[in-house]
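Trainee: Structure supplied as work_6.cif; contents: mmCIF, C-alpha atoms.
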```cif
data_work
#
loop_
_atom_site.label_atom_id
_atom_site.label_comp_id
_atom_site.auth_asym_id
_atom_site.auth_seq_id
_atom_site.Cartn_x
_atom_site.Cartn_y
_atom_site.Cartn_z
CA MET J 1 5.27 -39.57 54.97
CA THR J 2 6.07 -40.60 58.53
CA ASN J 3 3.30 -42.67 60.08
CA LEU J 4 1.13 -40.61 62.47
CA THR J 5 1.20 -43.37 65.05
CA ARG J 6 4.99 -43.15 65.10
CA ILE J 7 4.86 -39.36 65.41
CA TYR J 8 2.42 -39.71 68.32
CA ALA J 9 4.70 -42.30 69.96
CA ASN J 10 7.68 -39.94 69.66
CA LEU J 11 5.70 -37.19 71.40
CA ILE J 12 4.96 -39.61 74.23
CA ALA J 13 8.61 -40.62 74.42
CA ASP J 14 9.83 -37.04 74.78
CA GLY J 15 7.20 -36.24 77.43
CA THR J 16 5.08 -33.91 75.28
CA LEU J 17 2.05 -36.22 75.46
CA THR J 18 0.67 -38.77 77.91
CA PRO J 19 -0.34 -42.17 76.49
CA ASP J 20 -4.08 -42.26 75.84
CA PRO J 21 -5.68 -45.37 74.24
CA ALA J 22 -8.69 -43.38 72.99
CA GLN J 23 -6.44 -40.91 71.19
CA GLN J 24 -4.28 -43.71 69.79
CA ALA J 25 -7.35 -45.49 68.42
CA VAL J 26 -8.55 -42.51 66.37
CA LEU J 27 -5.11 -42.09 64.79
CA THR J 28 -6.08 -44.90 62.41
CA GLU J 29 -8.83 -42.67 61.00
CA PHE J 30 -6.47 -39.77 60.47
CA GLU J 31 -3.92 -42.10 58.89
CA ARG J 32 -6.60 -43.51 56.57
CA ILE J 33 -7.42 -40.04 55.27
CA ARG J 34 -3.78 -39.02 55.03
CA SER J 35 -2.91 -42.05 52.91
CA GLU J 36 -5.97 -41.85 50.65
CA VAL J 37 -6.36 -38.13 50.00
CA PRO J 38 -5.33 -37.50 46.38
CA GLN J 39 -2.42 -35.23 45.59
CA PRO J 40 -3.36 -32.00 43.76
CA THR J 41 -3.70 -32.41 40.00
CA LYS J 42 -4.54 -30.02 37.18
CA SER J 43 -7.92 -30.62 35.61
CA GLY J 44 -10.25 -28.99 33.12
CA TRP J 45 -13.44 -27.15 33.90
CA PHE J 46 -15.63 -30.17 33.21
CA SER J 47 -13.44 -32.82 34.76
CA LYS J 48 -15.08 -35.00 37.35
CA ALA J 49 -13.78 -34.42 40.89
CA PRO J 50 -11.42 -37.22 41.98
CA ASN J 51 -12.77 -39.77 44.40
CA SER J 52 -11.88 -38.70 47.91
CA PRO J 53 -11.89 -40.56 51.20
CA LYS J 54 -14.60 -39.93 53.73
CA GLY J 55 -13.82 -37.12 56.13
CA LEU J 56 -13.96 -37.35 59.90
CA TYR J 57 -16.39 -35.88 62.45
CA LEU J 58 -14.56 -36.22 65.77
CA TRP J 59 -16.70 -35.44 68.78
CA GLY J 60 -16.42 -35.81 72.53
CA GLY J 61 -16.02 -33.98 75.82
CA VAL J 62 -14.02 -30.83 76.41
CA GLY J 63 -10.25 -31.20 76.79
CA ARG J 64 -9.98 -34.75 75.43
CA GLY J 65 -7.39 -33.88 72.78
CA LYS J 66 -9.56 -33.50 69.66
CA SER J 67 -7.93 -30.25 68.55
CA MET J 68 -4.44 -31.55 69.31
CA LEU J 69 -4.97 -34.64 67.14
CA MET J 70 -6.40 -32.59 64.29
CA ASP J 71 -3.41 -30.24 64.45
CA LEU J 72 -1.05 -33.22 64.38
CA PHE J 73 -2.83 -34.48 61.26
CA ALA J 74 -2.85 -31.10 59.50
CA GLN J 75 0.84 -30.48 60.21
CA HIS J 76 1.91 -33.71 58.50
CA LEU J 77 0.06 -33.61 55.19
CA ASP J 78 3.21 -32.65 53.26
CA ASP J 79 2.18 -31.21 49.87
CA VAL J 80 -1.57 -31.65 50.25
CA PRO J 81 -3.23 -28.18 50.43
CA VAL J 82 -4.85 -27.98 53.86
CA ARG J 83 -6.47 -25.26 55.90
CA ARG J 84 -7.08 -25.53 59.62
CA VAL J 85 -9.51 -22.91 60.99
CA HIS J 86 -11.87 -22.42 63.90
CA PHE J 87 -15.46 -22.91 62.79
CA HIS J 88 -16.67 -19.55 64.15
CA ALA J 89 -13.88 -17.72 62.32
CA PHE J 90 -14.64 -19.57 59.09
CA MET J 91 -18.34 -18.74 59.21
CA GLN J 92 -17.49 -15.10 59.81
CA GLU J 93 -15.32 -15.17 56.69
CA ILE J 94 -18.09 -16.80 54.67
CA GLN J 95 -20.68 -14.24 55.72
CA THR J 96 -18.31 -11.39 54.81
CA ALA J 97 -17.56 -13.01 51.45
CA MET J 98 -21.27 -13.48 50.76
CA HIS J 99 -21.89 -9.81 51.41
CA ALA J 100 -19.13 -8.89 48.94
CA ALA J 101 -20.45 -11.37 46.35
CA ARG J 102 -23.97 -9.99 46.58
CA ALA J 103 -22.57 -6.51 45.94
CA THR J 104 -21.40 -7.76 42.53
CA GLY J 105 -24.93 -8.83 41.62
CA VAL J 106 -24.43 -12.61 41.55
CA ASP J 107 -27.59 -14.68 41.95
CA ASP J 108 -25.96 -17.31 44.15
CA PRO J 109 -23.21 -15.95 46.45
CA ILE J 110 -22.38 -19.44 47.75
CA ALA J 111 -21.10 -20.63 44.34
CA PRO J 112 -18.05 -18.31 44.00
CA ILE J 113 -17.17 -18.82 47.66
CA ALA J 114 -17.19 -22.60 47.29
CA ALA J 115 -15.19 -22.32 44.06
CA ASP J 116 -12.53 -20.26 45.83
CA VAL J 117 -12.22 -22.81 48.65
CA VAL J 118 -12.03 -25.69 46.17
CA ALA J 119 -9.31 -23.94 44.17
CA ASN J 120 -7.06 -23.56 47.19
CA VAL J 121 -7.81 -26.39 49.60
CA LYS J 122 -7.96 -30.17 49.40
CA VAL J 123 -8.45 -30.80 53.12
CA LEU J 124 -10.48 -28.42 55.30
CA ALA J 125 -10.03 -28.92 59.04
CA PHE J 126 -12.58 -27.21 61.32
CA ASP J 127 -12.17 -26.87 65.05
CA GLU J 128 -15.18 -26.64 67.39
CA MET J 129 -18.10 -27.03 64.99
CA GLN J 130 -21.28 -25.77 66.60
CA ILE J 131 -24.25 -24.12 64.97
CA THR J 132 -26.52 -21.86 66.98
CA ASP J 133 -27.58 -19.32 64.35
CA ILE J 134 -30.28 -19.86 61.71
CA THR J 135 -28.22 -18.01 59.10
CA ASP J 136 -25.19 -20.25 59.68
CA ALA J 137 -27.44 -23.31 59.62
CA MET J 138 -28.73 -22.46 56.15
CA ILE J 139 -25.33 -21.46 54.74
CA VAL J 140 -23.32 -24.40 56.00
CA GLY J 141 -25.52 -27.06 54.43
CA ARG J 142 -25.24 -25.64 50.91
CA LEU J 143 -21.56 -24.83 51.24
CA PHE J 144 -20.58 -28.27 52.51
CA GLU J 145 -22.59 -29.95 49.76
CA ALA J 146 -20.61 -28.00 47.17
CA LEU J 147 -17.29 -28.83 48.85
CA PHE J 148 -18.09 -32.54 49.08
CA ASP J 149 -19.18 -32.59 45.40
CA ALA J 150 -15.83 -31.06 44.45
CA GLY J 151 -13.86 -33.68 46.37
CA VAL J 152 -12.77 -31.56 49.35
CA VAL J 153 -12.15 -33.69 52.44
CA VAL J 154 -13.60 -32.20 55.63
CA ILE J 155 -12.33 -32.95 59.14
CA THR J 156 -14.08 -31.38 62.10
CA THR J 157 -14.07 -31.51 65.87
CA SER J 158 -17.15 -30.87 67.98
CA ASN J 159 -18.44 -31.29 71.49
CA ARG J 160 -21.75 -32.54 70.07
CA ILE J 161 -22.81 -35.63 68.17
CA PRO J 162 -24.11 -34.65 64.68
CA ASP J 163 -27.73 -35.31 65.67
CA ASP J 164 -27.41 -32.59 68.33
CA LEU J 165 -26.16 -29.86 65.98
CA TYR J 166 -28.53 -26.88 65.95
CA LYS J 167 -30.70 -28.77 68.43
CA HIS J 168 -34.00 -26.99 69.15
CA GLY J 169 -33.04 -24.36 66.55
CA LEU J 170 -35.56 -22.35 64.55
CA ASN J 171 -36.81 -24.28 61.47
CA ARG J 172 -34.45 -27.13 62.33
CA GLU J 173 -36.23 -29.49 59.96
CA ALA J 174 -34.60 -27.60 57.07
CA PHE J 175 -31.20 -28.39 58.62
CA LEU J 176 -31.73 -32.14 58.99
CA PRO J 177 -30.54 -33.02 55.44
CA PHE J 178 -27.15 -31.54 56.35
CA ILE J 179 -26.87 -33.91 59.30
CA ASP J 180 -27.56 -36.80 56.93
CA LEU J 181 -24.89 -35.41 54.59
CA ILE J 182 -22.34 -35.41 57.42
CA LYS J 183 -23.10 -39.04 58.18
CA ASP J 184 -22.76 -39.95 54.51
CA LYS J 185 -19.54 -38.05 53.75
CA MET J 186 -17.75 -38.26 57.11
CA ASN J 187 -17.03 -41.04 59.58
CA VAL J 188 -18.46 -40.08 62.96
CA TRP J 189 -16.10 -40.99 65.80
CA GLU J 190 -16.54 -40.36 69.52
CA LEU J 191 -13.30 -39.65 71.40
CA THR J 192 -14.08 -41.37 74.69
CA SER J 193 -10.97 -40.52 76.70
CA PRO J 194 -11.81 -40.34 80.43
CA THR J 195 -9.23 -37.61 80.94
CA ASP J 196 -9.90 -33.89 80.59
CA TYR J 197 -6.36 -32.71 79.88
CA ARG J 198 -7.35 -29.08 80.00
CA GLN J 199 -8.64 -29.47 83.54
CA ASP J 200 -5.60 -31.53 84.49
CA ARG J 201 -3.32 -28.67 83.44
CA LEU J 202 -5.29 -26.35 85.72
CA SER J 203 -5.86 -28.76 88.60
CA GLY J 204 -4.44 -27.32 91.80
CA SER J 205 -3.29 -24.19 89.96
CA GLU J 206 -4.17 -20.65 90.91
CA VAL J 207 -6.67 -19.11 88.49
CA TYR J 208 -7.38 -15.75 90.16
CA PHE J 209 -4.36 -13.48 90.46
CA THR J 210 -4.41 -10.38 92.63
CA PRO J 211 -3.25 -7.64 92.64
CA ALA J 212 -3.06 -7.16 88.88
CA ASN J 213 0.64 -6.35 88.79
CA ALA J 214 3.68 -7.56 86.86
CA ASP J 215 3.73 -10.84 88.78
CA ALA J 216 0.10 -11.47 87.86
CA ARG J 217 0.88 -10.72 84.23
CA THR J 218 3.72 -13.23 84.26
CA ALA J 219 1.48 -15.85 85.85
CA MET J 220 -1.28 -15.23 83.29
CA ASP J 221 1.25 -15.53 80.45
CA SER J 222 2.44 -18.83 81.89
CA VAL J 223 -1.10 -20.24 82.10
CA TRP J 224 -1.85 -19.06 78.57
CA SER J 225 1.28 -20.73 77.17
CA ALA J 226 0.56 -23.98 79.02
CA LEU J 227 -3.03 -24.15 77.77
CA THR J 228 -2.60 -23.06 74.16
CA GLY J 229 0.82 -24.45 73.25
CA GLY J 230 1.04 -22.35 70.10
CA PRO J 231 0.28 -19.08 68.33
CA SER J 232 -3.12 -17.44 68.63
CA GLU J 233 -5.23 -15.31 66.35
CA PRO J 234 -8.18 -12.96 66.90
CA LEU J 235 -11.67 -14.44 66.93
CA THR J 236 -14.47 -12.33 65.46
CA LEU J 237 -18.03 -13.20 66.41
CA ARG J 238 -20.87 -11.74 64.37
CA VAL J 239 -23.73 -10.82 66.70
CA LYS J 240 -26.84 -9.05 65.43
CA GLY J 241 -24.96 -7.33 62.62
CA ARG J 242 -21.92 -6.20 64.61
CA ASP J 243 -18.51 -7.70 65.32
CA VAL J 244 -17.36 -8.81 68.76
CA VAL J 245 -13.60 -9.31 68.67
CA ILE J 246 -11.60 -11.45 71.11
CA PRO J 247 -7.95 -10.46 70.58
CA LYS J 248 -6.38 -13.86 71.27
CA PHE J 249 -7.89 -17.26 70.56
CA ARG J 250 -6.64 -20.82 70.06
CA ASN J 251 -8.33 -24.22 70.42
CA GLY J 252 -11.30 -22.92 72.36
CA ILE J 253 -9.15 -20.82 74.71
CA ALA J 254 -9.52 -17.03 74.59
CA ARG J 255 -7.78 -14.06 76.18
CA ALA J 256 -8.77 -10.41 76.44
CA GLY J 257 -8.32 -7.42 78.68
CA PHE J 258 -11.16 -6.23 80.93
CA PHE J 259 -11.73 -3.08 78.90
CA GLU J 260 -11.77 -5.02 75.63
CA LEU J 261 -14.76 -6.94 76.98
CA CYS J 262 -16.46 -4.48 79.33
CA GLY J 263 -15.17 -1.05 78.33
CA ILE J 264 -17.18 -0.99 75.10
CA PRO J 265 -20.99 -1.09 74.71
CA LEU J 266 -21.62 -4.83 74.56
CA GLY J 267 -24.80 -6.48 75.79
CA PRO J 268 -26.18 -9.86 76.91
CA ALA J 269 -26.32 -11.29 73.36
CA ASP J 270 -22.65 -10.46 72.84
CA TYR J 271 -21.57 -12.12 76.08
CA LEU J 272 -23.72 -15.16 75.36
CA ALA J 273 -21.95 -15.49 71.99
CA VAL J 274 -18.57 -15.31 73.75
CA ALA J 275 -19.65 -17.94 76.27
CA GLU J 276 -20.81 -20.24 73.46
CA ALA J 277 -17.58 -19.82 71.48
CA VAL J 278 -14.96 -20.41 74.20
CA LYS J 279 -14.22 -23.10 76.76
CA VAL J 280 -11.64 -21.19 78.78
CA LEU J 281 -11.44 -17.39 79.06
CA LEU J 282 -8.51 -15.40 80.43
CA ILE J 283 -9.34 -11.82 81.46
CA ASP J 284 -6.50 -9.43 82.29
CA ASN J 285 -6.61 -6.42 84.61
CA ILE J 286 -10.07 -6.37 86.18
CA PRO J 287 -10.11 -3.02 88.05
CA CYS J 288 -11.86 -2.05 91.26
CA LEU J 289 -15.45 -1.14 90.42
CA SER J 290 -17.65 1.66 91.73
CA ARG J 291 -20.03 4.43 90.66
CA ASP J 292 -17.13 5.90 88.65
CA ASN J 293 -17.17 2.99 86.22
CA PHE J 294 -20.74 1.82 86.76
CA ASN J 295 -21.42 0.93 83.12
CA GLU J 296 -18.30 -1.25 82.96
CA ALA J 297 -19.35 -2.90 86.23
CA LYS J 298 -22.83 -3.71 84.86
CA ARG J 299 -21.31 -5.26 81.75
CA PHE J 300 -18.91 -7.29 83.89
CA VAL J 301 -21.82 -8.68 85.92
CA THR J 302 -23.58 -9.68 82.68
CA LEU J 303 -20.40 -11.27 81.34
CA ILE J 304 -19.82 -13.33 84.49
CA ASP J 305 -23.44 -14.49 84.45
CA ALA J 306 -23.05 -15.69 80.85
CA LEU J 307 -19.77 -17.48 81.60
CA TYR J 308 -21.19 -19.05 84.75
CA GLU J 309 -24.31 -20.41 83.08
CA ALA J 310 -22.25 -21.81 80.18
CA ARG J 311 -19.75 -23.41 82.60
CA VAL J 312 -16.81 -21.60 80.99
CA ARG J 313 -13.51 -21.89 82.86
CA LEU J 314 -12.40 -18.41 83.99
CA ILE J 315 -8.83 -17.32 84.71
CA CYS J 316 -8.17 -13.69 85.52
CA SER J 317 -6.02 -11.03 87.11
CA ALA J 318 -7.80 -8.44 89.23
CA ALA J 319 -7.10 -5.41 91.41
CA ALA J 320 -8.69 -7.09 94.44
CA THR J 321 -10.33 -10.29 95.65
CA PRO J 322 -13.90 -10.91 94.41
CA GLU J 323 -15.42 -9.65 97.66
CA MET J 324 -13.41 -6.42 97.49
CA LEU J 325 -13.88 -5.56 93.81
CA TYR J 326 -17.07 -3.52 94.26
CA MET J 327 -17.15 -1.76 97.63
CA GLU J 328 -19.26 1.34 97.12
CA GLY J 329 -21.90 2.82 94.87
CA GLU J 330 -25.16 1.69 93.32
CA GLY J 331 -25.22 -2.02 92.64
CA THR J 332 -23.03 -3.23 95.52
CA PHE J 333 -25.78 -5.54 96.78
CA GLU J 334 -26.35 -7.04 93.32
CA PHE J 335 -22.59 -7.53 92.93
CA GLU J 336 -22.54 -9.91 95.89
CA ARG J 337 -23.87 -12.63 93.58
CA THR J 338 -21.10 -11.90 91.08
CA SER J 339 -18.50 -12.10 93.86
CA SER J 340 -19.90 -15.44 94.94
CA ARG J 341 -19.80 -16.75 91.39
CA LEU J 342 -16.23 -15.52 90.89
CA ARG J 343 -15.23 -17.38 94.03
CA GLU J 344 -17.03 -20.57 92.94
CA MET J 345 -15.45 -20.40 89.49
CA GLN J 346 -12.00 -20.63 91.10
CA SER J 347 -12.69 -24.12 92.44
CA ASP J 348 -11.00 -27.21 91.00
CA GLY J 349 -13.14 -28.86 88.36
CA TRP J 350 -15.17 -25.79 87.51
CA GLY J 351 -16.55 -26.13 84.00
CA GLN J 352 -15.92 -29.88 83.94
CA GLU J 353 -18.72 -31.76 82.20
CA THR J 354 -20.81 -34.00 84.44
#
```
Write out the structure in this file as structure tokens.
Mentor:
Amino acid sequence: MTNLTRIYANLIADGTLTPDPAQQAVLTEFERIRSEVPQPTKSGWFSKAPNSPKGLYLWGGVGRGKSMLMDLFAQHLDDVPVRRVHFHAFMQEIQTAMHAARATGVDDPIAPIAADVVANVKVLAFDEMQITDITDAMIVGRLFEALFDAGVVVITTSNRIPDDLYKHGLNREAFLPFIDLIKDKMNVWELTSPTDYRQDRLSGSEVYFTPANADARTAMDSVWSALTGGPSEPLTLRVKGRDVVIPKFRNGIARAGFFELCGIPLGPADYLAVAEAVKVLLIDNIPCLSRDNFNEAKRFVTLIDALYEARVRLICSAAATPEMLYMEGEGTFEFERTSSRLREMQSDGWGQET
């Protein structure tokens, strides 16, 4: 195995990365895990799980490079079975699997799910761990306990220190043992880089493209490539028993067309879930709005309110400037606030943590 510090240095040398002492410091933790994680071995049903190194809970501000470092680690594990997945997507999979397991009549649907993960993965790497739902809070504690007992090494990134997970949540006292489990089975490390690289990539750049023509599409594609740096996948959010699908998602950055977000009957809870799940949202082809598409306009207002309150960075292409998007019909007065927010959200530093 090539040393991760050397790989990181090579990426600096070829201009891919900028030297960052905080990032370089945490490489020692990734290297510790990479050198200690046991290679896969065949074992009997009653064999004791091999001793495994502590995992890593890497937390810190948005855009500090947490996801990039975890990707670097996961890509250089050689023959060690690893899965890297966004936490929201993983929890959606688990809930679907639990539903299928219950249909078979099992008493404990968590057990076969954990067994399946253990059979296929030695290192599980989660991006963007955050828990806002009581169902997820109850599931994740039991599932992680089973994974740790089986020797699975867990790496996760988060914007929150473990003690702030599910903060102020319903029946949070039942979740507290899981926080203790994290501290016992994972080293907690704050990535204290002063630089928000995501904001740096957008600093001084245009983020509102109008009109929504071929040039705007090219510009949006360029921003998307610069921010994500790799392939995307859909993100499915489970909200009140229904699925909200964002077609493209990678490392906290999402992209969807206007009608994929506002052309279907979504409501405030759906948009709040989107705002909680993403840090940057690209919206393509916002049309002019009027009484002819009043329902879409109302949903758009709700979406912008959710993004604004959550300080999500917005990049979009639109048929007109914010002030000219909604010129006639019921709701024009109310839309003035949305126009103002759209204008404010174009400013440098929008969404930056204070």
Trainee: Name the residues that the PyMOL selection byres ((chain J and resi 304-306) around 10) picks from the file above, as a PyMOL selection string, using the file's chain letters and numbers.
Mentor: chain J and resi 268-276+299-303+307-312+314+337-339+341-342+345
Trainee: Please provide as number ranges by chain all residues within 10 Å of Leu170 (chain J), with the sequence filter that same-chain residues fewer than 5 positions apart are discarded (counting only C-alpha atoms).
Mentor: J: 132-134, 137, 175
Trainee: Dump C-alpha atoms for the selected residues as a PDB file, keeping the file's coordinate frame?
Mentor:
```pdb
ATOM      1  CA  THR J 132     -26.520 -21.860  66.980  1.00  0.00           C
ATOM      2  CA  ASP J 133     -27.580 -19.320  64.350  1.00  0.00           C
ATOM      3  CA  ILE J 134     -30.280 -19.860  61.710  1.00  0.00           C
ATOM      4  CA  ALA J 137     -27.440 -23.310  59.620  1.00  0.00           C
ATOM      5  CA  PHE J 175     -31.200 -28.390  58.620  1.00  0.00           C
TER       6      PHE J 175
END
```
Trainee: Mind telling me what the PyMOL selection byres ((chain J and resi 77) around 10) catches here, as number ranges by chain?
Mentor: J: 1-2, 33-35, 37, 72-76, 78-82, 123
Trainee: Just the residues within 12 Å of Ala219 (chain J), please, counting all atoms listed in the file, with nothing from its chain fewer than 3 positions along; format it as number ranges by chain.
Mentor: J: 205-216, 222-226, 282, 284, 315-317
Trainee: Have a look at CA of Phe249 (chain J) and CA of Gln92 (chain J) and let me know their distance in Å, one decimal.
Mentor: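 Spanning CA of Phe249 (chain J) to CA of Gln92 (chain J) is a straight-line distance of 14.6 Å.
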Trainee: Have a look at J:Asp149, J:Glu260, J:Glu330, J:Asp14 and name the one nearest to Arg291 (chain J); count all atoms listed in the file.
Mentor: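 Of all the options, J:Glu330 lies closest to Arg291 (chain J).
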Trainee: Give me the result of the PyMOL selection byres ((chain J and resi 179) around 10) on this file, residue by residue, as a list in words.
Mentor: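 Written out, the selection comes to Gly141, Ile161, Pro162, Asp163, Asp164, Leu165, Tyr166, Phe175, Leu176, Pro177, Phe178, Asp180, Leu181, Ile182, Lys183 and Asp184 of chain J.
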Trainee: Give the answer as one residue: which of J:Met68, J:Ala174, J:Ala277, J:Ala103 has the shortest atom-to-atom distance to Val239 (chain J), using all atoms listed in the file?
Mentor: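 For Val239 (chain J), the nearest of the candidates is J:Ala277.
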